[in-house]
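Here's the structure we're looking at; comments come further down.
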Amino acid sequence: MEYLAPFFMSQDEYQYHPETRAVRIRSERTDNMEHSSPMYITSSFTYPDAERMRATFADETDDYIYSRFSNPNVDEVIDKVAMLEGAPAGYATASGMSTIWASFMALLSAGDHLLACRAIFGSTHTLITKYLPKYGIQYDYFDINDPTSIEALIKPNTKMIFVETPSNPGLDVIDLEWLGKLARSHNVILNVDNCFATPILQRPLALGAHLVTTSATKWMDGQGRVLGGVVVGEPDLIKQIYTFCRSTGPSLSPFNAWVLSKSLETLPVRMARHSESALKLATALEGNPHLVWVKYPFLPSHPQYAIAKKQMSGGGGVFCFELKGGVEQGRRFLDSLQLLSLTANLGDSRSIASHPSSTTHAKLTEEERLLAGITPGLIRISTGLEYPDDILHDIVQALDKSK
């Protein structure tokens with residue numbers, strides 16, 4: 001990767017911000033001296049002679065071999081996210097779920113125990129409950145709203161703690177500094193899904209995490225175009241994840257990586273706008289007669305408001321609320337929206353509404369949904385970049401029509 005030299009040491013020792021450094025990170029320029037990074041749409045790479053090829057396959061050079069292993073565009077994304085997260089190493093995969101799966105399978109073995117928060121994304125729940133047992137990996141869930149219960153669930157064979165904060169879709173928050181100290185005191189890997197906050201609003205590694213996993217499909221892309229996932233953290237753990245992915249093949253495509261790299265350059269600006277709008281909307285909807293409650297990390301009414309303010313610089317672009325009419329009103333509400341999109345994604349420039357009970361978490365049992373805080377009338381709003389008053393108007397008119 002190519003960097004502007006003064007980023008790391010200048011005569012006056014001025015230190016540029018991580019966001020600035022991330023913008024300037026790019027693959028090395030070709031002889032054409034292009035300003036924007038080119039796309040390396042190639043499956044493999046060539047060598048000037050047999051000796052150079054031998055040395056590369058023997059890991060004696062940093063030359064590229066095959067895009068399933070690494071690619072300049074993919075490395076550019078990894079370096080940018082690692083810079084933003086304050087991480088020494090990282091790896092990128094084809095999607096957020098493949099990143100989470102790789103972090104499990106590379107670091108957990110038969111007989112190991114995973115401890116995870118119950119309030120997690122539906123597909124992650126499926127991985128843990130359906131697939132990990134096939135490999136002899138045990139698991140237990142803890143209530144993210146009852147952190148004092150976690151230590152009692154740690155077993156001699158507990159290898160990893162996995163947590164989403166803020167969680168999807170209920171926006172539960174846990175004290176990462178406290179959890180990091182707990183994990184390290186028991187020699188357990190703390191793996192944090194940082195998708196909702198992004199490194200712009202929260203940096204789990206600085207708070208004690210060993211690994212950070214993120215679906216780059218969401219806010220990092222920011223326009224609902226491509227899939228991708230990134231994991232960053234301690235080099236020895238990342239090396240094991242890389243080795244697993246190199247052989248199993250969940251590789252991020254060069255094209256998707258090129259798109260994501262450009263998107264990362266505007267991530268700080270976008271997250272500031274998303275967070276500002278989401279807070280304005282959540283505040284305006286509190287007290288609406290059609291709602292039981294409104295939840296957003298930076299609302300004083302949030303149960304973990306103090307923790308969110310301590311470890312996050314913004315509340316993020318997602319808020320949720322509970323409709324008084326339950327599942328049926330949830331469906332009527334979605335059908336009454338005129339501006340917001342109905343889609344499974346989030347973190348888009350366009351605002352999105354979803355009803356987790358009938359969509360993303362529908363395959364969970366009713367008991368599992370309730371234990372995860374997913375109530376029948378829960379609506380998740382991903383705040384886009386439209387004018388916030390227009391988003392509010394659409395939500396309010398849909399609430400009035402669906403009552």
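Within each chain, counting starts at residue 1; across the structure tokens, chains are named A, B, ... in the order shown, with ligands numbered 1 upward in that order.
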message: I'd like the contact shell of range 144-157 of chain A - 8 Å cut-off, only C-alpha atoms, skipping same-chain residues fewer than 2 positions apart - returned as a VMD selection string.
response: chain A and resid 111 to 113 115 117 to 119 140 142 159 172 to 174 182
Selection near Ala282 in chain A, 8 Å with only C-alpha atoms, sequence-local residues under 3 positions removed, as an NGL selection string: :A and (278-279 or 285-286 or 294-296 or 299 or 319)
task: Find the residues near Gly330 in chain A: any atom within 10 Å, counting only C-alpha atoms, skip ones fewer than 4 places away on the same chain, and give them as number ranges by chain.
output: A: 322-326, 334-336, 354-358, 376-379, 399, 402-403
Prev. selection, N, CA, C and O atoms, output as a compact mmCIF listing (two decimals), in the first residue's frame:
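Contents of part-v2.txt, as written:
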```
# COMPACT_ATOMS: atom_id res chain seq x y z
N GLU A 322 -41.59 0.23 19.31
CA GLU A 322 -42.58 -0.83 19.47
C GLU A 322 -43.97 -0.28 19.18
O GLU A 322 -44.42 0.68 19.82
N LEU A 323 -44.64 -0.88 18.20
CA LEU A 323 -46.00 -0.50 17.87
C LEU A 323 -46.97 -1.11 18.87
O LEU A 323 -46.79 -2.25 19.32
N LYS A 324 -48.02 -0.39 19.18
CA LYS A 324 -49.00 -0.90 20.14
C LYS A 324 -49.80 -2.07 19.57
O LYS A 324 -50.30 -2.90 20.33
N GLY A 325 -49.90 -2.15 18.25
CA GLY A 325 -50.75 -3.17 17.64
C GLY A 325 -50.07 -4.49 17.33
O GLY A 325 -50.68 -5.37 16.72
N GLY A 326 -48.80 -4.67 17.71
CA GLY A 326 -48.11 -5.94 17.52
C GLY A 326 -47.83 -6.28 16.06
O GLY A 326 -47.62 -5.39 15.23
N LEU A 334 -45.67 -1.10 7.58
CA LEU A 334 -44.78 -1.21 6.43
C LEU A 334 -45.52 -0.92 5.13
O LEU A 334 -45.00 -0.24 4.23
N ASP A 335 -46.75 -1.43 5.02
CA ASP A 335 -47.52 -1.23 3.80
C ASP A 335 -47.96 0.22 3.62
O ASP A 335 -48.31 0.64 2.51
N SER A 336 -47.94 1.00 4.70
CA SER A 336 -48.38 2.39 4.64
C SER A 336 -47.25 3.36 4.34
O SER A 336 -47.52 4.54 4.09
N SER A 354 -37.91 -2.10 8.64
CA SER A 354 -38.08 -3.56 8.65
C SER A 354 -38.82 -3.98 9.91
O SER A 354 -38.80 -3.28 10.93
N HIS A 355 -39.45 -5.13 9.81
CA HIS A 355 -40.21 -5.71 10.91
C HIS A 355 -39.56 -7.06 11.23
O HIS A 355 -39.89 -8.08 10.62
N PRO A 356 -38.59 -7.09 12.16
CA PRO A 356 -37.80 -8.29 12.39
C PRO A 356 -38.60 -9.56 12.68
O PRO A 356 -38.21 -10.65 12.25
N SER A 357 -39.72 -9.45 13.39
CA SER A 357 -40.48 -10.64 13.75
C SER A 357 -40.99 -11.40 12.53
O SER A 357 -41.13 -12.63 12.57
N SER A 358 -41.27 -10.69 11.46
CA SER A 358 -41.81 -11.36 10.27
C SER A 358 -40.78 -11.49 9.15
O SER A 358 -41.09 -12.03 8.09
N PRO A 376 -43.26 -8.51 19.15
CA PRO A 376 -44.07 -8.60 17.92
C PRO A 376 -44.20 -7.30 17.14
O PRO A 376 -44.25 -7.31 15.92
N GLY A 377 -44.23 -6.17 17.85
CA GLY A 377 -44.43 -4.90 17.17
C GLY A 377 -43.16 -4.10 16.96
O GLY A 377 -43.22 -2.90 16.65
N LEU A 378 -42.00 -4.74 17.07
CA LEU A 378 -40.73 -4.03 16.93
C LEU A 378 -40.48 -3.64 15.47
O LEU A 378 -40.51 -4.48 14.57
N ILE A 379 -40.21 -2.37 15.25
CA ILE A 379 -39.86 -1.85 13.92
C ILE A 379 -38.45 -1.28 14.00
O ILE A 379 -38.14 -0.49 14.90
N LEU A 399 -47.79 5.62 10.67
CA LEU A 399 -48.31 5.29 12.00
C LEU A 399 -49.79 5.62 12.08
O LEU A 399 -50.59 4.83 12.62
N SER A 402 -51.86 3.08 10.03
CA SER A 402 -51.81 1.67 10.43
C SER A 402 -52.39 1.40 11.80
O SER A 402 -52.43 0.26 12.24
N LYS A 403 -52.88 2.42 12.50
CA LYS A 403 -53.37 2.25 13.88
C LYS A 403 -54.57 1.31 13.93
O LYS A 403 -55.32 1.18 12.97
```
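The space between CA of Gly315 in chain A and CA of Thr198 in chain A spans 10.6 Å.
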With 12 Å as the cut-off and only C-alpha atoms counted, what is the closest atom pair between each nearby residue of range 343-368 of chain A and range 384-394 of chain A? Distances in Å to one decimal, ordered by chain and number, as JSON lines.
```
{"residue": "A:Asn345", "atom": "CA", "partner": "A:Gly384", "partner_atom": "CA", "distance": 11.8}
{"residue": "A:Leu346", "atom": "CA", "partner": "A:Gly384", "partner_atom": "CA", "distance": 8.9}
{"residue": "A:Gly347", "atom": "CA", "partner": "A:Gly384", "partner_atom": "CA", "distance": 7.3}
{"residue": "A:Asp348", "atom": "CA", "partner": "A:Gly384", "partner_atom": "CA", "distance": 5.9}
{"residue": "A:Ser349", "atom": "CA", "partner": "A:Gly384", "partner_atom": "CA", "distance": 4.5}
{"residue": "A:Arg350", "atom": "CA", "partner": "A:Gly384", "partner_atom": "CA", "distance": 4.4}
{"residue": "A:Ser351", "atom": "CA", "partner": "A:Gly384", "partner_atom": "CA", "distance": 4.0}
{"residue": "A:Ile352", "atom": "CA", "partner": "A:Gly384", "partner_atom": "CA", "distance": 7.4}
{"residue": "A:Ala353", "atom": "CA", "partner": "A:Gly384", "partner_atom": "CA", "distance": 10.5}
```
Keeping only all heavy atoms, write the selected residues as an mmCIF file, in the first residue's frame.
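Everything below was put into result04.cif:
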```cif
data_model
loop_
_atom_site.group_PDB
_atom_site.id
_atom_site.type_symbol
_atom_site.label_atom_id
_atom_site.label_comp_id
_atom_site.auth_asym_id
_atom_site.auth_seq_id
_atom_site.Cartn_x
_atom_site.Cartn_y
_atom_site.Cartn_z
ATOM 1 N N ASN A 345 -31.742 -5.023 3.954
ATOM 2 C CA ASN A 345 -30.470 -4.367 4.231
ATOM 3 C C ASN A 345 -30.640 -3.234 5.245
ATOM 4 O O ASN A 345 -31.753 -2.894 5.656
ATOM 5 C CB ASN A 345 -29.881 -3.811 2.932
ATOM 6 C CG ASN A 345 -28.404 -3.501 3.037
ATOM 7 O OD1 ASN A 345 -27.702 -4.073 3.852
ATOM 8 N ND2 ASN A 345 -27.935 -2.583 2.215
ATOM 9 N N LEU A 346 -29.521 -2.652 5.651
ATOM 10 C CA LEU A 346 -29.514 -1.428 6.453
ATOM 11 C C LEU A 346 -28.214 -0.701 6.141
ATOM 12 O O LEU A 346 -27.362 -1.215 5.428
ATOM 13 C CB LEU A 346 -29.649 -1.729 7.951
ATOM 14 C CG LEU A 346 -28.560 -2.565 8.628
ATOM 15 C CD1 LEU A 346 -27.439 -1.695 9.198
ATOM 16 C CD2 LEU A 346 -29.150 -3.397 9.752
ATOM 17 N N GLY A 347 -28.060 0.505 6.682
ATOM 18 C CA GLY A 347 -26.831 1.252 6.440
ATOM 19 C C GLY A 347 -26.747 1.827 5.046
ATOM 20 O O GLY A 347 -25.661 1.984 4.489
ATOM 21 N N ASP A 348 -27.876 2.184 4.483
ATOM 22 C CA ASP A 348 -27.961 2.680 3.112
ATOM 23 C C ASP A 348 -28.138 4.194 3.124
ATOM 24 O O ASP A 348 -28.537 4.781 4.130
ATOM 25 C CB ASP A 348 -29.166 2.019 2.423
ATOM 26 C CG ASP A 348 -29.081 2.024 0.916
ATOM 27 O OD1 ASP A 348 -28.901 3.110 0.335
ATOM 28 O OD2 ASP A 348 -29.214 0.942 0.308
ATOM 29 N N SER A 349 -27.881 4.843 1.986
ATOM 30 C CA SER A 349 -28.177 6.265 1.846
ATOM 31 C C SER A 349 -29.681 6.502 1.842
ATOM 32 O O SER A 349 -30.140 7.610 2.104
ATOM 33 C CB SER A 349 -27.552 6.817 0.564
ATOM 34 O OG SER A 349 -28.003 6.093 -0.565
ATOM 35 N N ARG A 350 -30.451 5.454 1.555
ATOM 36 C CA ARG A 350 -31.914 5.522 1.566
ATOM 37 C C ARG A 350 -32.437 4.899 2.851
ATOM 38 O O ARG A 350 -32.015 3.812 3.235
ATOM 39 C CB ARG A 350 -32.487 4.791 0.355
ATOM 40 C CG ARG A 350 -32.018 5.365 -0.973
ATOM 41 C CD ARG A 350 -32.486 4.532 -2.136
ATOM 42 N NE ARG A 350 -32.063 5.103 -3.412
ATOM 43 C CZ ARG A 350 -32.352 4.599 -4.604
ATOM 44 N NH1 ARG A 350 -33.063 3.480 -4.680
ATOM 45 N NH2 ARG A 350 -31.933 5.182 -5.702
ATOM 46 N N SER A 351 -33.371 5.560 3.500
ATOM 47 C CA SER A 351 -33.928 5.060 4.754
ATOM 48 C C SER A 351 -34.703 3.769 4.519
ATOM 49 O O SER A 351 -35.364 3.597 3.492
ATOM 50 C CB SER A 351 -34.839 6.110 5.398
ATOM 51 O OG SER A 351 -34.090 7.234 5.796
ATOM 52 N N ILE A 352 -34.618 2.875 5.500
ATOM 53 C CA ILE A 352 -35.180 1.537 5.377
ATOM 54 C C ILE A 352 -35.967 1.203 6.643
ATOM 55 O O ILE A 352 -35.529 1.502 7.763
ATOM 56 C CB ILE A 352 -34.062 0.497 5.187
ATOM 57 C CG1 ILE A 352 -33.340 0.714 3.851
ATOM 58 C CG2 ILE A 352 -34.598 -0.924 5.276
ATOM 59 C CD1 ILE A 352 -32.033 -0.049 3.727
ATOM 60 N N ALA A 353 -37.110 0.572 6.474
ATOM 61 C CA ALA A 353 -37.900 0.080 7.608
ATOM 62 C C ALA A 353 -38.019 -1.435 7.513
ATOM 63 O O ALA A 353 -38.200 -1.983 6.424
ATOM 64 C CB ALA A 353 -39.288 0.714 7.625
#
```
Under the rule of at most 9 Å, produce a per-residue listing of range 207-309 of chain A near range 36-49 of chain A: chain, number, name, the closest pair of atoms, and the distance in Å, as JSON lines, using only C-alpha atoms.
```
{"residue": "A:Ser253", "atom": "CA", "partner": "A:Ile41", "partner_atom": "CA", "distance": 8.3}
{"residue": "A:Pro254", "atom": "CA", "partner": "A:Ile41", "partner_atom": "CA", "distance": 5.9}
{"residue": "A:Phe255", "atom": "CA", "partner": "A:Met39", "partner_atom": "CA", "distance": 6.6}
{"residue": "A:Ala257", "atom": "CA", "partner": "A:Met39", "partner_atom": "CA", "distance": 8.8}
{"residue": "A:Trp258", "atom": "CA", "partner": "A:Met39", "partner_atom": "CA", "distance": 6.3}
{"residue": "A:Lys262", "atom": "CA", "partner": "A:Ser36", "partner_atom": "CA", "distance": 8.8}
```
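Excluding His210 in chain A itself and same-chain residues fewer than 2 positions from it, the residues having an atom within 9 Å of it are Gly180, Ile189, Leu190, Asn191, Val192, Pro204, Leu205, Gly208, Val212, Val232, Gly233, Glu234 and Leu237 of chain A, counting only C-alpha atoms.
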- line: Counting only C-alpha atoms, closest pick from A:Asn194, A:Ser263, A:Asn288, A:Thr248 relative to Arg225 in chain A is A:Ser263
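Among the candidate residues A:Leu252, A:Leu337, A:Ile100, A:Ala284, the one lying nearest to Ile128 in chain A is A:Ile100, with distances computed using only C-alpha atoms.
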task: Write out as an NGL selection string each polymer residue whose atoms come within 9 Å of Lys239 in chain A, counting only C-alpha atoms; drop sequence neighbours fewer than 6 positions from it.
output: :A and (89-91)
- prompt: Which parts of range 278-384 of chain A does DSSP call strand (DSSP E or B) when run on the backbone here, written out as a ChimeraX atom specification?
  reply: /A:291-295,318-323,341-342,352-354,378-382
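With only C-alpha atoms taken into account, the protein and nucleic acid residues at most 12 Å from Ile65 in chain A (excluding it and anything under 4 positions from it in its own chain) are Thr42, Ser43, Ser44, Phe45, Thr46, Tyr47, Arg52, Met53, Arg54, Ala55, Thr56, Phe57, Ala58, Asp59, Thr61, Phe69, Ser70, Asn71, Pro72 and Arg246 of chain A.
For the pair CA of Ser251 in chain A and CA of Ala94 in chain A, the separation is 5.1 Å.
If only C-alpha atoms are the atoms counted, then among A:Cys195, A:Val231, A:Ala308, A:Val188 the closest residue to Ile78 in chain A is A:Val231.
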